[in-house]
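Since the structure comes first, as structure tokens, the remarks are kept for the end.
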Amino acid sequence: MPVEEFVAGWISGALGLVLGHPFDTVKLLGFFKGMSFPLVSIAVVNSVLFGVYSNVLLALTAMSHQERRTQLPSYTHVFIAGCTGGVIQTFFLAPFDLIKVRLQNQTEPRVQPGGPQPRYRGPVHCAATIFREEGPRGLFRGAWALMLRDTPTLGLYFVTYEGFCHQNTPHGQNPSSATVLVAGGFAGIASWVAATPLDVIKSRMQMDGLRRREYQGVLDCVVSSFRQEGLRVFFRGLTINSARGFPVNAVTFLSYEYLLHSWG
């Protein structure tokens with residue numbers, strides 16, 4: 001099993017996060033609030049995603065990464081490999097994402113002499129508090145919505161990227177850096193257009209239980225959100241997600257391809 005894809009995914013994920021994290025927190029308290037924790041976690045998750053994707057595609061096509069650069073596998077194989085990566089990464093992403101959302105959304109101020117204590121004092125304390133108050137399953141709150149969001153979305157993500165590179169690269173050649181950048185950016189936008197409705201549900205499920213249980217499950221959350229706020233609620237955040245998606249995924253794919261090319 002090639003490990004270069006896992007390492008390249010790790011590094012490219014970290015680079016993408018550095019660029020994209022301000023977009024994640026722009027409507028909260030500060031551009032780089034809670035960055036140290038996702039910097040580590042997203043690198044792990046991206047490593048799993050790209051590693052699984054590449055190895056599943058290798059198993060399906062018997063083509064190495066370098067061979068795939070000059071001869072596009074079938075879109076069906078690309079989609080299956082992307083979906084598989086989405087399923088596997090959910091098991092790693094769910095606890096990390098839950099803790100990130102809880103930390104970013106807590107409104108208590110930082111600890112000050114004589115001031116109130118924040119509910120969560122950091123990632124480890126947040127994880128321990130969730131485990132104590134909500135049990136082990138609490139760390140995977142919203143995981144089903146996350147899996148429903150990421151499985152088809154990441155299939156579309158890689159199909160968009162591979163297809164754009166193939167269509168805009170002369171036969172038998174590797175895609176240029178500009179092509180990789182634009183392909184990665186479009187892949188990011190396409191994936192967020194598809195993912196945003198379930199991303200809204202995922203975030204609500206993750207915050208559910210913080211004070212009291214409001215939703216009985218993913219379907220109940222969908223129905224309740226629609227009844228209370230209408231169809232527009234499912235596209236809340238689409239603009240900023242798309243604005244974030246282009247540069248983050250452009251950098252992610254460029255660094256990923258550069259690293260794999262450098263390592264031969």
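How things are named: the first chain in the structure tokens is A, the next is B, and so on; residues count from 1 in each chain; ligands count from 1 in the order shown.
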
### Task
Please identify all polymer residues within 10 Å of Phe50 in chain A, counting only C-alpha atoms, omitting same-chain residues fewer than 2 positions from it, and present them as a PyMOL selection string.
chain A and resi 4-10+12-13+45-48+52-56+81-82+85-86+89+158+256

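The neighbours of Val87 in chain A here are the residues that come within 10 Å of it, using only C-alpha atoms and leaving out any residue fewer than 5 positions away in the same chain; they are Leu49, Val52, Gly82, Phe92, Leu146, Met147, Leu148, Arg149, Asp150, Thr151, Pro152 and Leu154 of chain A.
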
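Taking CA of Asn168 in chain A and CA of Ala195 in chain A as endpoints, the distance between them is 25.7 Å.
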
### Task
Can you pull out every residue within 9 Å of His166 in chain A, counting only C-alpha atoms, but drop anything in the same chain fewer than 6 positions away, and send it as a list in words?
Arg69, Thr70, Gln71, Leu72 and Pro175 of chain A

### Contact residues around Leu103 in chain A with only C-alpha atoms at 8 Å, ignoring same-chain residues under 6 positions, as a count of residues only
5

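Between CA of Pro118 in chain A and CA of Glu134 in chain A the separation is 18.2 Å.
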